[in-house]
Amino acid sequence: MKLFVTPLIVAFAMAALPVRSSACTAFQLQSKDGANIYFRSMEFGFPFNSKALIIPRGTDYTGTAPGGKPGLKWKTKYGVVGVNVDIAPTIVADGQNEKGLAIGMLYLPGYSQYQDAAAAPADKTIGSWEVLVYLLGMCASVDEAVAALQNDVYVAQQEFVPLKEVLPVHYWIGDNTGKVVIAEYVGGKLVIHDAPLGTLTNSPPYDWHEINVGNYVDLSPVNVPERILGKFTSVNYGQGSGAIGLPGDMSPPSRFIRASLFSHWATPGETANDSVNLGFHILNTFDIFNGAIQSDTADQTANTKAFLSSSGQPKLVNTDTTEWIVAHDRTNLKTYVRTYNGLAIQVIDLAKANFDEPGLRTIDLQNDFAPEDITGRGKPLARPGS
């Protein structure tokens, strides 16, 4: 089956260009037994209606060149599991492959500028939204992914048709060794950053965020003892005093600081399973609920969120919410997903995915709030000494 990954069949009837926001956050943890696990939240300005996507080995893809022309053609070497979006159902916004390479695509508005469209060689060109599905299908490690970006593909500046604009993103890339790099296209050139923090959010570019961490070097998870100021003693009456001054807002710089600190402050789990649980708890601190981020814009509806029409009175509407969060255990090859409405954590075991079976397959994600009724499970209380 050959897949043309440009989603030309999807269009939005908009009278003006949309304004969107995105508040994605990514980081990694390592458990005491050596498992390397990536975590990421997905926020965007409209519902994605995502499903889990299984891409088997030997799947044919055709990338996109400027003007909607066919670009690079490839056949996947490795099986991939990830999360798609309904406006581009044959690709993943976040995923990992059977070799333990995981990649996330996060928004980078105002800074992303890809390679010159006029110079794009058709036989090497793909769109920014196709980078993940190419690298995950063809590369087994961070080093291979970096080499592929440098030598094998040309990411051209071009419109992503469903959004009617260039899709400005950068990429978190990590493998089962724990190595992480960030790939960005800024000023028309590919930039690769070694990422020892293992953290990524949104704009500005990665190197700015690393510098900004220096503004918070004094923060610590350790409570501050009392301070004597002349004849006055200031007493710590509560918990968390070592982190006073930690930025708590939902902007990308603040989330980068919290994700960097939290992921390194967290007590490592004994096992991969413990660390997956730990990572989801950390992600809970980044959860964006309906109403936490709003825009004052015209003619919004719950379904369009940050998409604008051309007229109407401004009104407050919700923009970003946490649509889903995902964890990729790159050591044990398992992918975990939780949706905004579903809350239950679901897992896909790549060892059981049968990547030899041809054809793309999707898995519906639990997306309804359905608390389990445990009323009938009552048991007699076991009293001490009885």
# chains A, B, ... in the order shown; residues from 1 in each chain; ligands from 1

call {"tool": "residues_around", "arguments": {"residues": "Ile182 (chain A)", "least_positions_apart": "3", "cutoff": "8 Å", "atoms": "only C-alpha atoms", "output": "VMD selection string"}}
result
chain A and resid 170 to 173 192 to 195 200 206

call {"tool": "closest_atom_pairs", "arguments": {"of": "region 224-281 of chain A", "to": "region 28-31 of chain A", "cutoff": "10 Å", "atoms": "only C-alpha atoms", "output": "CSV"}}
result
residue,atom,partner,partner_atom,distance
A:Ala259,CA,A:Gln28,CA,9.2
A:Ser260,CA,A:Gln28,CA,9.2
A:Ser263,CA,A:Leu29,CA,6.4
A:His264,CA,A:Leu29,CA,7.9
A:Ala266,CA,A:Leu29,CA,8.6
A:Thr267,CA,A:Ser31,CA,9.1
A:Pro268,CA,A:Ser31,CA,5.3
A:Gly269,CA,A:Ser31,CA,4.9
A:Glu270,CA,A:Ser31,CA,5.8
A:Thr271,CA,A:Ser31,CA,5.5
A:Ala272,CA,A:Ser31,CA,5.6
A:Asn273,CA,A:Ser31,CA,8.6
A:Asp274,CA,A:Ser31,CA,7.6
A:Ser275,CA,A:Ser31,CA,5.7
A:Val276,CA,A:Leu29,CA,8.5
A:Leu278,CA,A:Leu29,CA,8.8
A:Gly279,CA,A:Leu29,CA,7.2

call {"tool": "atom_distance", "arguments": {"atom1": "CA of Gly79 (chain A)", "atom2": "CA of Ala120 (chain A)"}}
result
28.3 Å

call {"tool": "residues_around", "arguments": {"residues": "Asn215 (chain A)", "least_positions_apart": "3", "cutoff": "12 Å", "atoms": "only C-alpha atoms", "output": "list in words"}}
result
Trp208, His209, Glu210, Ile211, Asn212, Asp218, Leu219, Gly245, Leu246, Pro247, Pro253, Ser254 and Ile257 of chain A

call {"tool": "closest_residue", "arguments": {"among": "A:Leu101, A:Leu132, A:Ala353, A:Ala23", "to": "Phe289 (chain A)", "atoms": "only C-alpha atoms"}}
result
A:Ala23

call {"tool": "residues_around", "arguments": {"residues": "Val224 (chain A)", "least_positions_apart": "6", "cutoff": "9 Å", "atoms": "only C-alpha atoms", "output": "count of residues only"}}
result
5

call {"tool": "select_by_dssp", "arguments": {"residues": "region 91-207 of chain A", "states": "helix (DSSP H, G or I)", "output": "number ranges by chain"}}
result
A: 117-119, 128-138, 142-151, 161-163, 206-207

call {"tool": "write_last_selection", "arguments": {"atoms": "N, CA and C atoms", "output": "CSV table (one decimal), in the first residue's frame"}}
result
chain,number,residue,atom,x,y,z
A,117,ALA,N,12.5,26.5,-0.4
A,117,ALA,CA,11.6,25.7,-1.3
A,117,ALA,C,12.1,25.7,-2.8
A,118,ALA,N,12.6,26.8,-3.2
A,118,ALA,CA,13.1,26.9,-4.6
A,118,ALA,C,14.2,25.9,-4.9
A,119,ALA,N,15.0,25.6,-3.9
A,119,ALA,CA,16.1,24.7,-4.2
A,119,ALA,C,15.8,23.2,-3.8
A,128,SER,N,7.6,19.3,6.9
A,128,SER,CA,7.9,19.3,8.3
A,128,SER,C,7.1,18.3,9.1
A,129,TRP,N,5.8,18.1,8.7
A,129,TRP,CA,4.9,17.2,9.4
A,129,TRP,C,5.3,15.7,9.1
A,130,GLU,N,6.1,15.4,8.1
A,130,GLU,CA,6.5,14.1,7.7
A,130,GLU,C,7.8,13.6,8.2
A,131,VAL,N,8.5,14.5,9.0
A,131,VAL,CA,9.8,14.1,9.5
A,131,VAL,C,9.7,12.9,10.4
A,132,LEU,N,8.7,12.9,11.4
A,132,LEU,CA,8.6,11.8,12.3
A,132,LEU,C,8.4,10.4,11.6
A,133,VAL,N,7.5,10.4,10.7
A,133,VAL,CA,7.1,9.1,10.1
A,133,VAL,C,8.3,8.6,9.2
A,134,TYR,N,9.1,9.5,8.7
A,134,TYR,CA,10.3,9.1,8.0
A,134,TYR,C,11.4,8.6,8.9
A,135,LEU,N,11.7,9.4,9.9
A,135,LEU,CA,12.8,9.0,10.8
A,135,LEU,C,12.5,7.7,11.6
A,136,LEU,N,11.3,7.6,12.1
A,136,LEU,CA,10.9,6.4,12.9
A,136,LEU,C,10.9,5.2,12.0
A,137,GLY,N,10.5,5.3,10.8
A,137,GLY,CA,10.4,4.2,9.8
A,137,GLY,C,11.7,3.7,9.3
A,138,MET,N,12.8,4.6,9.4
A,138,MET,CA,14.0,4.3,8.7
A,138,MET,C,15.2,4.3,9.6
A,142,VAL,N,19.5,7.7,17.6
A,142,VAL,CA,19.7,9.1,17.4
A,142,VAL,C,20.7,9.5,16.4
A,143,ASP,N,21.8,8.8,16.4
A,143,ASP,CA,22.9,9.1,15.4
A,143,ASP,C,22.4,8.9,14.0
A,144,GLU,N,21.7,7.8,13.8
A,144,GLU,CA,21.1,7.5,12.4
A,144,GLU,C,20.1,8.6,12.0
A,145,ALA,N,19.3,9.0,13.0
A,145,ALA,CA,18.3,10.1,12.7
A,145,ALA,C,19.0,11.4,12.3
A,146,VAL,N,20.0,11.7,13.1
A,146,VAL,CA,20.7,13.0,12.8
A,146,VAL,C,21.4,12.9,11.4
A,147,ALA,N,22.0,11.8,11.1
A,147,ALA,CA,22.6,11.6,9.8
A,147,ALA,C,21.6,11.7,8.7
A,148,ALA,N,20.4,11.1,8.9
A,148,ALA,CA,19.3,11.2,7.9
A,148,ALA,C,18.9,12.6,7.7
A,149,LEU,N,18.7,13.4,8.7
A,149,LEU,CA,18.3,14.8,8.5
A,149,LEU,C,19.4,15.6,7.8
A,150,GLN,N,20.7,15.2,8.1
A,150,GLN,CA,21.8,16.0,7.5
A,150,GLN,C,22.0,15.6,6.0
A,151,ASN,N,21.7,14.3,5.7
A,151,ASN,CA,22.1,13.8,4.3
A,151,ASN,C,21.0,13.3,3.5
A,161,VAL,N,-1.3,21.8,4.2
A,161,VAL,CA,-2.6,22.2,3.7
A,161,VAL,C,-3.7,22.3,4.7
A,162,PRO,N,-3.9,21.3,5.6
A,162,PRO,CA,-5.0,21.4,6.6
A,162,PRO,C,-5.0,22.7,7.4
A,163,LEU,N,-3.8,23.2,7.7
A,163,LEU,CA,-3.8,24.5,8.5
A,163,LEU,C,-3.6,25.7,7.7
A,206,TYR,N,15.7,25.9,21.4
A,206,TYR,CA,16.2,25.2,22.5
A,206,TYR,C,17.3,25.9,23.2
A,207,ASP,N,18.3,26.4,22.5
A,207,ASP,CA,19.5,27.0,23.1
A,207,ASP,C,19.1,28.2,24.0

call {"tool": "closest_residue", "arguments": {"among": "A:Pro56, A:Gly376, A:Gly71, A:Gly188", "to": "Asn354 (chain A)", "atoms": "only C-alpha atoms"}}
result
A:Pro56

call {"tool": "closest_residue", "arguments": {"among": "A:Ser220, A:Asn97, A:Gln294, A:Asn202", "to": "Lys334 (chain A)", "atoms": "only C-alpha atoms"}}
result
A:Asn97

call {"tool": "select_by_dssp", "arguments": {"residues": "region 16-203 of chain A", "states": "strand (DSSP E)", "output": "short mmCIF file (atom, residue, chain, number, x, y, z; two decimals) with N, CA and C atoms, in the first residue's frame"}}
result
data_model
loop_
_atom_site.label_atom_id
_atom_site.label_comp_id
_atom_site.auth_asym_id
_atom_site.auth_seq_id
_atom_site.Cartn_x
_atom_site.Cartn_y
_atom_site.Cartn_z
N THR A 25 4.82 19.77 26.36
CA THR A 25 5.97 19.63 27.26
C THR A 25 6.51 18.21 27.16
N ALA A 26 7.84 18.07 27.03
CA ALA A 26 8.46 16.75 26.91
C ALA A 26 9.68 16.66 27.84
N PHE A 27 9.91 15.47 28.38
CA PHE A 27 11.07 15.21 29.22
C PHE A 27 11.31 13.71 29.27
N GLN A 28 12.39 13.27 29.93
CA GLN A 28 12.62 11.85 30.07
C GLN A 28 13.05 11.51 31.49
N LEU A 29 12.85 10.25 31.87
CA LEU A 29 13.30 9.70 33.14
C LEU A 29 14.06 8.40 32.87
N GLN A 30 14.93 8.04 33.79
CA GLN A 30 15.58 6.73 33.75
C GLN A 30 15.33 6.03 35.06
N ASN A 36 14.92 3.76 29.90
CA ASN A 36 14.82 5.16 29.48
C ASN A 36 13.43 5.41 28.93
N ILE A 37 12.74 6.36 29.54
CA ILE A 37 11.32 6.57 29.24
C ILE A 37 11.08 8.05 28.93
N TYR A 38 10.44 8.28 27.82
CA TYR A 38 10.10 9.63 27.35
C TYR A 38 8.65 9.92 27.68
N PHE A 39 8.39 11.17 28.09
CA PHE A 39 7.03 11.60 28.42
C PHE A 39 6.72 12.89 27.68
N ARG A 40 5.44 13.04 27.32
CA ARG A 40 5.08 14.23 26.57
C ARG A 40 3.59 14.52 26.72
N SER A 41 3.25 15.78 26.86
CA SER A 41 1.85 16.21 26.80
C SER A 41 1.59 16.85 25.45
N MET A 42 0.36 16.71 24.96
CA MET A 42 -0.02 17.31 23.69
C MET A 42 -1.14 18.32 23.93
N GLU A 43 -0.85 19.55 23.62
CA GLU A 43 -1.86 20.61 23.63
C GLU A 43 -1.86 21.31 22.28
N PHE A 44 -3.04 21.72 21.84
CA PHE A 44 -3.12 22.46 20.58
C PHE A 44 -4.40 23.27 20.59
N ALA A 52 -4.33 5.83 18.27
CA ALA A 52 -3.03 5.18 18.17
C ALA A 52 -2.91 4.61 16.76
N LEU A 53 -1.73 4.78 16.16
CA LEU A 53 -1.49 4.32 14.80
C LEU A 53 -0.35 3.31 14.81
N ILE A 54 -0.58 2.14 14.19
CA ILE A 54 0.45 1.13 14.01
C ILE A 54 0.87 1.13 12.54
N ILE A 55 2.17 1.36 12.32
CA ILE A 55 2.73 1.39 10.96
C ILE A 55 3.63 0.17 10.81
N ASP A 60 4.91 1.75 2.22
CA ASP A 60 5.39 2.74 1.26
C ASP A 60 4.80 4.11 1.56
N TYR A 61 5.67 5.10 1.59
CA TYR A 61 5.24 6.49 1.76
C TYR A 61 5.79 7.34 0.62
N THR A 62 5.08 8.39 0.30
CA THR A 62 5.57 9.41 -0.61
C THR A 62 5.45 10.75 0.09
N GLY A 63 6.58 11.42 0.25
CA GLY A 63 6.59 12.72 0.91
C GLY A 63 6.05 13.82 0.02
N THR A 64 6.12 15.03 0.54
CA THR A 64 5.53 16.18 -0.13
C THR A 64 6.60 17.19 -0.49
N ALA A 65 6.60 17.62 -1.74
CA ALA A 65 7.45 18.71 -2.21
C ALA A 65 6.59 19.97 -2.37
N LYS A 69 3.54 18.68 -4.85
CA LYS A 69 4.11 17.67 -5.74
C LYS A 69 4.68 16.49 -4.95
N PRO A 70 4.78 15.32 -5.57
CA PRO A 70 5.40 14.18 -4.88
C PRO A 70 6.85 14.46 -4.54
N GLY A 71 7.26 14.03 -3.36
CA GLY A 71 8.64 14.21 -2.93
C GLY A 71 9.33 12.88 -2.75
N LEU A 72 10.09 12.77 -1.68
CA LEU A 72 10.86 11.56 -1.39
C LEU A 72 9.94 10.35 -1.25
N LYS A 73 10.36 9.24 -1.82
CA LYS A 73 9.64 7.97 -1.67
C LYS A 73 10.48 7.04 -0.78
N TRP A 74 9.80 6.37 0.16
CA TRP A 74 10.53 5.44 1.02
C TRP A 74 9.62 4.29 1.46
N LYS A 75 10.26 3.19 1.84
CA LYS A 75 9.58 2.01 2.37
C LYS A 75 10.11 1.80 3.78
N VAL A 80 6.37 0.97 13.66
CA VAL A 80 6.21 2.19 14.44
C VAL A 80 4.85 2.17 15.15
N VAL A 81 4.83 2.65 16.37
CA VAL A 81 3.59 2.90 17.10
C VAL A 81 3.60 4.36 17.54
N GLY A 82 2.50 5.05 17.30
CA GLY A 82 2.43 6.44 17.71
C GLY A 82 1.01 6.93 17.80
N VAL A 83 0.87 8.24 17.96
CA VAL A 83 -0.44 8.87 18.07
C VAL A 83 -0.61 9.82 16.89
N ASP A 94 3.64 11.92 17.48
CA ASP A 94 4.54 11.44 18.51
C ASP A 94 4.58 9.93 18.41
N GLY A 95 5.76 9.33 18.48
CA GLY A 95 5.81 7.87 18.34
C GLY A 95 7.16 7.29 18.66
N GLN A 96 7.22 5.96 18.66
CA GLN A 96 8.49 5.25 18.79
C GLN A 96 8.47 4.04 17.87
N ASN A 97 9.67 3.55 17.55
CA ASN A 97 9.74 2.38 16.69
C ASN A 97 10.26 1.17 17.46
N ALA A 102 12.47 7.14 19.83
CA ALA A 102 11.23 7.88 20.06
C ALA A 102 11.43 9.32 19.60
N ILE A 103 10.39 9.87 18.99
CA ILE A 103 10.46 11.25 18.50
C ILE A 103 9.13 11.95 18.77
N GLY A 104 9.23 13.19 19.23
CA GLY A 104 8.06 14.03 19.43
C GLY A 104 8.17 15.29 18.59
N MET A 105 7.05 15.73 18.06
CA MET A 105 6.97 16.94 17.26
C MET A 105 6.25 18.00 18.10
N LEU A 106 6.94 19.08 18.45
CA LEU A 106 6.39 20.12 19.29
C LEU A 106 6.41 21.45 18.55
N TYR A 107 5.45 22.28 18.84
CA TYR A 107 5.27 23.55 18.13
C TYR A 107 6.42 24.51 18.43
N THR A 125 12.77 15.52 -0.84
CA THR A 125 12.01 16.52 -0.09
C THR A 125 10.81 15.93 0.65
N ILE A 126 10.64 16.38 1.89
CA ILE A 126 9.46 16.06 2.68
C ILE A 126 8.99 17.34 3.38
N TYR A 154 15.38 16.50 2.73
CA TYR A 154 15.38 17.96 2.59
C TYR A 154 14.00 18.43 3.05
N VAL A 155 13.97 19.16 4.17
CA VAL A 155 12.70 19.61 4.74
C VAL A 155 12.42 21.02 4.22
N GLU A 159 3.62 24.98 2.69
CA GLU A 159 2.36 25.01 3.42
C GLU A 159 1.91 23.60 3.82
N PHE A 160 1.44 23.48 5.04
CA PHE A 160 0.74 22.28 5.48
C PHE A 160 -0.74 22.53 5.21
N GLU A 165 -0.98 26.93 6.33
CA GLU A 165 0.22 27.68 6.65
C GLU A 165 1.37 26.70 6.86
N VAL A 166 2.57 27.23 6.93
CA VAL A 166 3.73 26.40 7.27
C VAL A 166 3.57 25.91 8.71
N VAL A 169 7.50 23.57 13.71
CA VAL A 169 7.74 22.59 14.76
C VAL A 169 9.24 22.35 14.94
N HIS A 170 9.59 21.79 16.09
CA HIS A 170 10.92 21.21 16.30
C HIS A 170 10.73 19.81 16.88
N TYR A 171 11.83 19.08 17.02
CA TYR A 171 11.72 17.64 17.24
C TYR A 171 12.59 17.18 18.41
N TRP A 172 11.95 16.47 19.36
CA TRP A 172 12.66 15.77 20.43
C TRP A 172 12.99 14.38 19.90
N ILE A 173 14.28 14.00 19.92
CA ILE A 173 14.72 12.72 19.36
C ILE A 173 15.56 11.99 20.41
N GLY A 174 15.12 10.79 20.84
CA GLY A 174 15.86 10.03 21.83
C GLY A 174 15.81 8.54 21.55
N VAL A 180 19.65 12.08 23.84
CA VAL A 180 18.60 12.95 23.33
C VAL A 180 19.22 14.11 22.58
N VAL A 181 18.66 14.43 21.42
CA VAL A 181 18.99 15.66 20.72
C VAL A 181 17.69 16.37 20.36
N ILE A 182 17.81 17.66 20.12
CA ILE A 182 16.70 18.47 19.62
C ILE A 182 17.07 18.94 18.22
N ALA A 183 16.19 18.70 17.26
CA ALA A 183 16.41 19.15 15.88
C ALA A 183 15.47 20.30 15.58
N GLU A 184 16.03 21.39 15.09
CA GLU A 184 15.25 22.57 14.74
C GLU A 184 15.68 23.10 13.38
N TYR A 185 14.76 23.72 12.68
CA TYR A 185 15.07 24.44 11.45
C TYR A 185 14.84 25.92 11.72
N VAL A 186 15.94 26.66 11.81
CA VAL A 186 15.89 28.08 12.12
C VAL A 186 16.71 28.82 11.07
N LYS A 189 18.04 26.72 8.09
CA LYS A 189 19.09 25.72 8.26
C LYS A 189 18.73 24.75 9.39
N LEU A 190 19.20 23.52 9.25
CA LEU A 190 19.03 22.51 10.29
C LEU A 190 20.02 22.78 11.41
N VAL A 191 19.51 22.78 12.64
CA VAL A 191 20.36 22.93 13.83
C VAL A 191 20.10 21.74 14.74
N ILE A 192 21.15 21.05 15.14
CA ILE A 192 21.05 19.92 16.06
C ILE A 192 21.66 20.32 17.40
N HIS A 193 20.87 20.20 18.46
CA HIS A 193 21.35 20.52 19.80
C HIS A 193 21.48 19.23 20.61
N ASP A 194 22.64 18.97 21.18
CA ASP A 194 22.71 17.96 22.23
C ASP A 194 21.84 18.44 23.38
#

call {"tool": "atom_distance", "arguments": {"atom1": "CA of Ser112 (chain A)", "atom2": "CA of Thr90 (chain A)"}}
result
23.2 Å

call {"tool": "closest_residue", "arguments": {"among": "A:Asn277, A:Asn284, A:Thr319, A:Asn176", "to": "Asp296 (chain A)", "atoms": "only C-alpha atoms"}}
result
A:Thr319

call {"tool": "closest_residue", "arguments": {"among": "A:Ser141, A:Thr177, A:Gln239, A:Thr322", "to": "Gly342 (chain A)", "atoms": "only C-alpha atoms"}}
result
A:Thr322
